[in-house]
Amino acid sequence: MADEAQPSDRHRQLQGKVLVLTVCAAGIGGTFQYGYNLTIINAPTSYIQAFINETWLERTGLPLERSKITLMWTFVVSVFPLGGLAGALLAGPMAIKLGRKKSLLLNNMFVILAALLVGFSRIAKSFEMIMLSRFFAGINSGVGMNIQPMYLGESAPKEFRGAVTLTSASFTALGLVLGQVVGLREILGAEDIWPLLLASNAVPGLIQLLLLPWAPESPRYLLIDRGDKESCICALHRLRGSHDLSSEMKEMLAEQAAVQGKTAKGPWELFRDPAVRWQLITILVLSSAMQLCGNDSASMYFYASYVFQEARIPYDEIQYYIIGTGSCELITSMTCNLIIERAGRRMLVIGGYSLMAVWAVVFMVALSLQDRFSWMPYLSMACIFAYILSFGIGPAGVTGMIPTEIFDQMTRPAGYMICGSLLWTNLFLVGMAFPFIVEGLGHFCYLPFFTVCVCTALYVSFFLPETRGKSLLEISEEFNKRNFKTQTCENSWTNLEDTKSTML
């Protein structure tokens, strides 16, 4: 008996390693790239601006005015979210036609092209190559941020779906921190090697190309989209091991039967479909709040350097404190992975935004009293760290996984397209508008972000059902109660017969 149990335990450990491999392989070339590309551009700011001026001087014989250099730099920064928007719109069709895994693999083509362009930009004496590189890096990040949580959510077992999908936020935070670390002057942040710094985003892409082929495709995609039951069972066995798969297969077969003959919907169709009305409203609110809350955009980091200077921290050491802010988000996102299946999605999002609202008020008060009390800059520092920690508790990770749980197989890619489009559009708008908000509201510039946090917390508390531990059929049924209060949806995929067939 002991001899029989031993191989079984080794087999189960092997399957756990396959799931871990899937998570890591998807993450390193997925949401990691978003965080990494967001921060590696900060260190060489002055070097790139000098390069733009030198290149223009060589071409025309005249130096650029300071305002025009700033305008050129704005283009370099702003094309990244524009590329992200293009990637978000591209992710849906890629996920449907190529599958989740192949889409992630093909997506690395964009980041390798971006690395080649920026790597040779100084040799070619072309700052336009930097702009084009940032655009392709944005496409890569936009595709990865949409497809990775979709892939992991469809591959994870129900009891671990939240924790597995939430690793997308952990990889984003890891990318933020490593981008800050690699950008240090002692590593790749020196003036003579800044093209190498910006081209280093090819390394995570190459790692994914080596690891991801060993991971299975999404079982739900194989069964429901492609109708390949044998490949689905094979993928499930690799991910789950020797566990009984009958219950999970019943759920997926019920989903497959309900969408039989239907095709994947486009984003525009979701706006006209009453069956997904509240799901659509939910992602519109949560995805917009991700950037409009003032943390994931440039606004909090805009004040970080200023506050650290006011606290009399030496200029050369500020870069290390900035790394500390990114580390806060990494620590909380990893902690969130451990507690999400106990605390639930709603509690983490409500708690995160509520705490952010409190710290926004304290931060504005501290900024307004900074000149009166010598200890106020330290309170401002504490608020920066607390705000980022609160964001990482729930909003940073849960927002990205919600579309996986509240949309069915035919509407999920379109849901992620809308979610990603809002995220990148708002990132661009907040980045452009925040300097004007600071100029207009001064120390009370966080008032709009405070309002967003309060409204989002209220919406989630009243309208978002808890999805922890529920099958996708059960979650869909809860939303149908809101979408069809006085009627039943004849073609709903959560009819009573299907629901009963999946009950244990």
# chains A, B, ... in the order shown; residues from 1 in each chain; ligands from 1
$ select_by_dssp --residues "range 158-191 of chain A" --states "helix (DSSP H, G or I)" --output "count of residues only"
26
$ closest_atom_pairs --of "range 383-431 of chain A" --to "range 213-229 of chain A" --cutoff "12 Å" --atoms "only C-alpha atoms" --output "CSV"
residue,atom,partner,partner_atom,distance
A:Thr404,CA,A:Arg220,CA,11.7
A:Asp408,CA,A:Ile224,CA,10.4
A:Gln409,CA,A:Ile224,CA,7.4
A:Met410,CA,A:Asp225,CA,8.3
A:Thr411,CA,A:Asp225,CA,11.7
A:Arg412,CA,A:Tyr221,CA,11.1
A:Pro413,CA,A:Tyr221,CA,11.2
$ atom_distance --atom1 "CA of Glu255 in chain A" --atom2 "CA of Lys470 in chain A"
14.5 Å
$ closest_residue --among "A:Phe449, A:Phe428, A:Trp268, A:Tyr34" --to "Val361 in chain A" --atoms "only C-alpha atoms"
A:Phe449
